[in-house]
>>> print(open('entry_16.pdb').read())   # PDB, C-alpha atoms
ATOM      1  CA  MET R 527     139.926 120.032  93.426
ATOM      2  CA  SER R 528     137.858 117.994  91.005
ATOM      3  CA  THR R 529     139.430 117.138  87.695
ATOM      4  CA  SER R 530     137.711 118.833  84.785
ATOM      5  CA  SER R 531     137.329 117.314  81.344
ATOM      6  CA  ASP R 532     139.969 119.740  79.987
ATOM      7  CA  GLU R 533     142.429 118.580  82.645
ATOM      8  CA  ARG R 534     141.669 114.908  81.931
ATOM      9  CA  MET R 535     142.180 115.524  78.209
ATOM     10  CA  PHE R 536     145.422 117.304  78.962
ATOM     11  CA  GLU R 537     146.625 114.540  81.276
ATOM     12  CA  MET R 538     145.957 112.025  78.515
ATOM     13  CA  ASP R 539     147.826 114.361  76.181
ATOM     14  CA  ALA R 540     150.721 114.519  78.676
ATOM     15  CA  GLU R 541     151.281 110.771  78.449
ATOM     16  CA  PRO R 542     153.900 109.473  76.017
ATOM     17  CA  ALA R 543     152.859 109.647  72.394
ATOM     18  CA  SER R 544     151.332 106.582  70.869
ATOM     19  CA  PRO R 545     153.033 105.242  67.756
ATOM     20  CA  THR R 546     150.205 106.673  65.636
ATOM     21  CA  GLU R 547     150.263 110.189  67.134
ATOM     22  CA  SER R 548     153.250 112.485  66.648
ATOM     23  CA  ALA R 549     154.685 114.716  69.385
ATOM     24  CA  PRO R 550     153.968 117.915  67.392
ATOM     25  CA  THR R 551     150.295 116.927  67.236
ATOM     26  CA  GLN R 552     150.250 116.368  71.000
ATOM     27  CA  HIS R 553     151.873 119.741  71.614
ATOM     28  CA  GLN R 554     149.380 121.496  69.333
ATOM     29  CA  THR R 555     146.540 119.860  71.262
ATOM     30  CA  THR R 556     148.079 121.070  74.520
ATOM     31  CA  CYS R 557     148.296 124.636  73.209
ATOM     32  CA  HIS R 558     144.688 124.562  71.965
ATOM     33  CA  ILE R 559     143.342 123.305  75.296
ATOM     34  CA  ILE R 560     145.160 126.000  77.279
ATOM     35  CA  GLU R 561     144.195 128.730  74.809
ATOM     36  CA  GLY R 562     140.579 127.573  75.070
ATOM     37  CA  VAL R 563     140.644 127.888  78.856
ATOM     38  CA  LEU R 564     142.260 131.330  78.785
ATOM     39  CA  GLY R 565     140.334 132.635  75.788
ATOM     40  CA  GLY R 566     136.786 132.708  77.155
ATOM     41  CA  CYS R 567     136.564 136.355  78.271
ATOM     42  CA  THR R 568     133.329 138.131  79.087
ATOM     43  CA  PRO R 569     132.790 141.749  77.974
ATOM     44  CA  LEU R 570     133.349 142.890  81.581
ATOM     45  CA  GLU R 571     136.644 140.991  81.825
ATOM     46  CA  MET R 572     137.756 142.495  78.513
ATOM     47  CA  GLU R 573     136.804 145.984  79.729
ATOM     48  CA  ILE R 574     138.872 145.588  82.915
ATOM     49  CA  TYR R 575     141.739 144.059  80.919
ATOM     50  CA  GLU R 576     141.789 147.014  78.516
ATOM     51  CA  ARG R 577     141.679 149.540  81.388
ATOM     52  CA  ALA R 578     144.480 147.696  83.203
ATOM     53  CA  MET R 579     146.641 147.569  80.064
ATOM     54  CA  GLU R 580     146.035 151.257  79.399
ATOM     55  CA  HIS R 581     147.069 152.165  82.954
ATOM     56  CA  VAL R 582     150.144 149.910  82.877
ATOM     57  CA  ARG R 583     151.286 151.525  79.618
ATOM     58  CA  GLU R 584     150.751 155.005  81.083
ATOM     59  CA  MET R 585     152.716 154.166  84.226
ATOM     60  CA  GLY R 586     155.539 152.516  82.289
ATOM     61  CA  GLU R 587     157.945 149.991  83.719
ATOM     62  CA  GLU R 588     158.960 150.433  87.319
ATOM     63  CA  ARG R 589     161.650 148.725  89.308
ATOM     64  CA  LYS R 590     159.218 147.531  91.956
ATOM     65  CA  ARG R 591     156.317 145.586  90.496
ATOM     66  CA  SER R 592     154.462 145.802  93.816
ATOM     67  CA  SER R 593     154.462 149.595  93.520
ATOM     68  CA  LEU R 594     153.079 149.247  90.001
ATOM     69  CA  LYS R 595     150.373 146.872  91.243
ATOM     70  CA  LYS R 596     149.398 149.277  94.012
ATOM     71  CA  ARG R 597     149.203 152.198  91.598
ATOM     72  CA  LEU R 598     147.148 150.108  89.164
ATOM     73  CA  MET R 599     144.764 149.165  91.971
ATOM     74  CA  VAL R 600     144.339 152.860  92.854
ATOM     75  CA  ARG R 601     143.634 153.722  89.214
ATOM     76  CA  LEU R 602     141.081 150.922  88.884
ATOM     77  CA  ARG R 603     139.354 152.309  91.975
ATOM     78  CA  LYS R 604     139.286 155.753  90.360
ATOM     79  CA  ASP R 605     137.657 154.082  87.345
ATOM     80  CA  GLY R 606     134.853 152.950  89.672
ATOM     81  CA  TYR R 607     135.887 149.345  90.314
ATOM     82  CA  ASP R 608     135.972 147.784  93.777
ATOM     83  CA  ALA R 609     139.651 146.814  93.549
ATOM     84  CA  SER R 610     142.048 145.745  96.272
ATOM     85  CA  LEU R 611     145.652 144.613  96.391
ATOM     86  CA  CYS R 612     145.977 141.052  97.682
ATOM     87  CA  ARG R 613     149.127 139.525  99.066
ATOM     88  CA  SER R 614     149.250 135.787  99.583
ATOM     89  CA  SER R 615     152.047 134.099 101.467
ATOM     90  CA  TRP R 616     152.611 130.546 102.566
ATOM     91  CA  VAL R 617     155.105 128.735 104.736
ATOM     92  CA  ALA R 618     157.510 126.102 103.544
ATOM     93  CA  THR R 619     156.347 122.504 103.708
ATOM     94  CA  ALA R 620     157.935 119.198 102.813
ATOM     95  CA  GLN R 621     156.345 119.510  99.353
ATOM     96  CA  HIS R 622     157.359 123.071  98.436
ATOM     97  CA  PRO R 623     159.254 126.148  99.654
ATOM     98  CA  GLY R 624     157.518 129.142 101.202
ATOM     99  CA  GLY R 625     156.767 132.214  99.160
ATOM    100  CA  ASP R 626     154.542 135.191  98.537
ATOM    101  CA  HIS R 627     152.711 136.780  95.633
ATOM    102  CA  GLU R 628     150.684 139.931  94.937
ATOM    103  CA  TYR R 629     147.731 140.379  92.623
ATOM    104  CA  ILE R 630     144.663 142.597  92.336
ATOM    105  CA  ASP R 631     141.167 141.482  93.286
ATOM    106  CA  VAL R 632     138.223 143.238  91.598
ATOM    107  CA  HIS R 633     134.645 142.732  92.796
ATOM    108  CA  VAL R 634     131.860 143.807  90.454
ATOM    109  CA  ALA R 635     128.099 143.742  90.845
ATOM    110  CA  GLY R 636     126.373 140.961  88.953
ATOM    111  CA  ASP R 637     123.830 141.519  86.189
ATOM    112  CA  GLY R 638     120.793 143.335  87.509
ATOM    113  CA  GLY R 639     122.578 143.967  90.821
ATOM    114  CA  ALA R 640     122.281 140.310  91.854
ATOM    115  CA  GLY R 641     125.374 138.996  93.615
ATOM    116  CA  ARG R 642     128.964 140.003  93.095
ATOM    117  CA  THR R 643     131.573 138.572  90.784
ATOM    118  CA  ARG R 644     135.201 138.251  91.812
ATOM    119  CA  LEU R 645     137.847 138.771  89.149
ATOM    120  CA  ILE R 646     141.577 138.336  89.593
ATOM    121  CA  VAL R 647     143.943 140.736  87.818
ATOM    122  CA  ASP R 648     147.573 139.600  87.672
ATOM    123  CA  ILE R 649     149.981 141.764  85.696
ATOM    124  CA  ASP R 650     152.794 139.182  85.988
ATOM    125  CA  PHE R 651     150.849 136.177  84.716
ATOM    126  CA  ARG R 652     153.065 135.132  81.791
ATOM    127  CA  SER R 653     156.271 135.486  83.795
ATOM    128  CA  GLN R 654     154.969 133.008  86.398
ATOM    129  CA  PHE R 655     155.270 130.199  83.829
ATOM    130  CA  GLN R 656     158.597 130.993  82.173
ATOM    131  CA  LEU R 657     161.219 128.255  82.203
ATOM    132  CA  ALA R 658     164.982 128.708  81.829
ATOM    133  CA  ARG R 659     165.339 125.889  79.270
ATOM    134  CA  PRO R 660     161.905 125.125  77.849
ATOM    135  CA  ALA R 661     161.145 122.639  75.118
ATOM    136  CA  PRO R 662     160.512 124.533  71.838
ATOM    137  CA  TRP R 663     156.761 123.864  71.966
ATOM    138  CA  TYR R 664     156.583 125.196  75.547
ATOM    139  CA  ALA R 665     158.515 128.341  74.590
ATOM    140  CA  HIS R 666     155.909 128.892  71.859
ATOM    141  CA  LEU R 667     153.073 128.267  74.328
ATOM    142  CA  SER R 668     154.442 130.581  77.032
ATOM    143  CA  ALA R 669     155.020 133.352  74.479
ATOM    144  CA  ARG R 670     151.304 133.156  73.633
ATOM    145  CA  LEU R 671     150.153 133.439  77.251
ATOM    146  CA  PRO R 672     148.630 136.786  78.178
ATOM    147  CA  ALA R 673     151.050 139.029  80.064
ATOM    148  CA  VAL R 674     148.076 140.186  82.142
ATOM    149  CA  PHE R 675     145.402 137.784  83.355
ATOM    150  CA  VAL R 676     141.883 139.031  84.091
ATOM    151  CA  GLY R 677     139.300 136.417  84.961
ATOM    152  CA  PRO R 678     137.374 134.526  87.615
ATOM    153  CA  PRO R 679     139.142 132.277  90.131
ATOM    154  CA  ASP R 680     137.813 129.044  88.594
ATOM    155  CA  ARG R 681     139.320 129.855  85.182
ATOM    156  CA  LEU R 682     142.619 130.841  86.793
ATOM    157  CA  ARG R 683     142.692 127.631  88.840
ATOM    158  CA  LYS R 684     142.090 125.516  85.717
ATOM    159  CA  ALA R 685     144.673 127.440  83.652
ATOM    160  CA  VAL R 686     147.327 127.131  86.368
ATOM    161  CA  ALA R 687     146.743 123.379  86.690
ATOM    162  CA  LEU R 688     147.042 122.883  82.924
ATOM    163  CA  LEU R 689     150.095 125.138  82.622
ATOM    164  CA  CYS R 690     151.829 123.286  85.462
ATOM    165  CA  LEU R 691     151.247 119.992  83.656
ATOM    166  CA  ALA R 692     152.668 121.524  80.468
ATOM    167  CA  SER R 693     155.742 122.914  82.237
ATOM    168  CA  ARG R 694     156.327 119.551  83.928
ATOM    169  CA  ARG R 695     156.203 117.784  80.575
ATOM    170  CA  SER R 696     158.531 120.375  79.031
ATOM    171  CA  LEU R 697     161.079 119.963  81.821
ATOM    172  CA  ARG R 698     160.939 116.176  81.608
ATOM    173  CA  GLU R 699     161.340 116.231  77.817
ATOM    174  CA  SER R 700     164.446 118.348  78.348
ATOM    175  CA  GLY R 701     165.754 115.777  80.830
ATOM    176  CA  LEU R 702     165.376 118.143  83.780
ATOM    177  CA  HIS R 703     164.004 117.612  87.270
ATOM    178  CA  VAL R 704     160.715 119.358  88.126
ATOM    179  CA  PRO R 705     161.560 121.746  90.987
ATOM    180  CA  PRO R 706     159.069 122.172  93.843
ATOM    181  CA  TRP R 707     158.252 125.742  92.805
ATOM    182  CA  ARG R 708     156.968 124.470  89.451
ATOM    183  CA  ARG R 709     154.480 122.061  90.984
ATOM    184  CA  SER R 710     150.786 122.824  90.853
ATOM    185  CA  SER R 711     150.371 123.043  94.649
ATOM    186  CA  TYR R 712     153.029 125.764  94.863
ATOM    187  CA  MET R 713     151.706 127.701  91.870
ATOM    188  CA  GLN R 714     148.093 127.464  93.068
ATOM    189  CA  ALA R 715     149.155 128.892  96.461
ATOM    190  CA  LYS R 716     150.016 132.189  94.750
ATOM    191  CA  TRP R 717     146.333 132.944  94.193
ATOM    192  CA  PHE R 718     144.604 130.398  96.442
ATOM    193  CA  PRO R 719     146.582 130.104  99.726
TER     194      PRO R 719
END
>>> encode(input="entry_16.pdb", output="structure tokens")
Amino acid sequence: MSTSSDERMFEMDAEPASPTESAPTQHQTTCHIIEGVLGGCTPLEMEIYERAMEHVREMGEERKRSSLKKRLMVRLRKDGYDASLCRSSWVATAQHPGGDHEYIDVHVAGDGGAGRTRLIVDIDFRSQFQLARPAPWYAHLSARLPAVFVGPPDRLRKAVALLCLASRRSLRESGLHVPPWRRSSYMQAKWFP
């Protein structure tokens, strides 16, 4: 994966504060970069997001999130979207434990019928980045993350990379070890096995 300018800026931001720059300023910069990556929605993405949120509210909370995801996928299909339930799984390696994850894939025709656009819908997005003992700035950041993510794979990949860097910094500031399931390679495998 090539490093984007946002990631490079964030990596510079993740380094220890210089004597002239305060930690709160660094943390605000971190939040702004991540919000900028997640905030660039197209009208189509917003439309699917609103439909997904409406359906989730109608269905209410269920014990099994996978059942909720399947029902949401069915409802999105009834709305005319080419939606499918995706399940990614990966085996344990020396770098990280094995795991699995479910999300919804929506394919829509491009403008003027040219090409197709893939959008990922994940109704558990915010919960993927929660930490048990976050630094105060990270708790603020994670509370501002969207509960539901709707967007293209490249935006998701960039957001996950930046959020993993932020969670790593939060854990280290709290004097905690970064567990393998908080590393970018593990988190990326949830959507990009």
>>> atom_distance(input="entry_16.pdb", atom1="atom CA of Phe675 of chain R", atom2="atom CA of Arg694 of chain R")
21.3 Å
>>> residues_around(input="entry_16.pdb", residues="segment 676-683 of chain R", least_positions_apart="5", cutoff="12 Å", atoms="all atoms listed in the file", output="ChimeraX atom specification")
/R:527-530,532-533,560-579,629-634,642-651,688-690,710-711,713-719
>>> closest_residue(input="entry_16.pdb", among="R:Met599, R:Leu702, R:Leu697, R:Leu691", to="Ala661 of chain R", atoms="only C-alpha atoms")
R:Leu697
>>> atom_distance(input="entry_16.pdb", atom1="atom CA of Lys595 of chain R", atom2="atom CA of Val674 of chain R")
11.5 Å
>>> atom_distance(input="entry_16.pdb", atom1="atom CA of Ala685 of chain R", atom2="atom CA of Arg708 of chain R")
13.9 Å
>>> closest_residue(input="entry_16.pdb", among="R:Ser700, R:Ser593, R:Gln621, R:Gln554", to="Arg659 of chain R", atoms="all atoms listed in the file")
R:Ser700
>>> axis_aligned_box(input="entry_16.pdb", around="segment 689-696 of chain R", padding_each_side="6 Å", output="lines of an AutoDock Vina configuration file")
center_x = 154.3
center_y = 121.5
center_z = 82.2
size_x = 20.4
size_y = 19.4
size_z = 18.4
>>> residues_around(input="entry_16.pdb", residues="Ala665 of chain R", least_positions_apart="2", cutoff="12 Å", atoms="only C-alpha atoms", output="list in words")
His553, Cys557, Arg652, Ser653, Phe655, Gln656, Leu657, Ala658, Arg659, Pro660, Ala661, Pro662, Trp663, Leu667, Ser668, Ala669, Arg670, Leu671, Ala692, Ser693, Ser696 and Leu697 of chain R
>>> write_last_selection(input="entry_16.pdb", atoms="C-alpha atoms", output="compact mmCIF listing (two decimals), in the frame of the given file")
# COMPACT_ATOMS: atom_id res chain seq x y z
CA HIS R 553 151.87 119.74 71.61
CA CYS R 557 148.30 124.64 73.21
CA ARG R 652 153.06 135.13 81.79
CA SER R 653 156.27 135.49 83.80
CA PHE R 655 155.27 130.20 83.83
CA GLN R 656 158.60 130.99 82.17
CA LEU R 657 161.22 128.26 82.20
CA ALA R 658 164.98 128.71 81.83
CA ARG R 659 165.34 125.89 79.27
CA PRO R 660 161.90 125.12 77.85
CA ALA R 661 161.15 122.64 75.12
CA PRO R 662 160.51 124.53 71.84
CA TRP R 663 156.76 123.86 71.97
CA LEU R 667 153.07 128.27 74.33
CA SER R 668 154.44 130.58 77.03
CA ALA R 669 155.02 133.35 74.48
CA ARG R 670 151.30 133.16 73.63
CA LEU R 671 150.15 133.44 77.25
CA ALA R 692 152.67 121.52 80.47
CA SER R 693 155.74 122.91 82.24
CA SER R 696 158.53 120.38 79.03
CA LEU R 697 161.08 119.96 81.82
>>> residues_around(input="entry_16.pdb", residues="Trp616 of chain R", least_positions_apart="4", cutoff="10 Å", atoms="all atoms listed in the file", output="short mmCIF file (atom, residue, chain, number, x, y, z; two decimals) with C-alpha atoms, keeping the file's coordinate frame")
data_model
loop_
_atom_site.label_atom_id
_atom_site.label_comp_id
_atom_site.auth_asym_id
_atom_site.auth_seq_id
_atom_site.Cartn_x
_atom_site.Cartn_y
_atom_site.Cartn_z
CA HIS R 622 157.36 123.07 98.44
CA PRO R 623 159.25 126.15 99.65
CA GLY R 624 157.52 129.14 101.20
CA GLY R 625 156.77 132.21 99.16
CA ASP R 626 154.54 135.19 98.54
CA HIS R 627 152.71 136.78 95.63
CA TYR R 712 153.03 125.76 94.86
CA ALA R 715 149.16 128.89 96.46
CA LYS R 716 150.02 132.19 94.75
CA PRO R 719 146.58 130.10 99.73
#
>>> residues_around(input="entry_16.pdb", residues="Met585 of chain R", least_positions_apart="4", cutoff="9 Å", atoms="only C-alpha atoms", output="mmCIF file with C-alpha atoms, in the frame of the given file")
data_model
loop_
_atom_site.group_PDB
_atom_site.id
_atom_site.type_symbol
_atom_site.label_atom_id
_atom_site.label_comp_id
_atom_site.auth_asym_id
_atom_site.auth_seq_id
_atom_site.Cartn_x
_atom_site.Cartn_y
_atom_site.Cartn_z
ATOM 1 C CA GLU R 580 146.035 151.257 79.399
ATOM 2 C CA HIS R 581 147.069 152.165 82.954
ATOM 3 C CA LEU R 594 153.079 149.247 90.001
ATOM 4 C CA ARG R 597 149.203 152.198 91.598
ATOM 5 C CA LEU R 598 147.148 150.108 89.164
#
>>> closest_residue(input="entry_16.pdb", among="R:Ala687, R:Val600, R:Ser615, R:Tyr664", to="Glu699 of chain R", atoms="only C-alpha atoms")
R:Tyr664
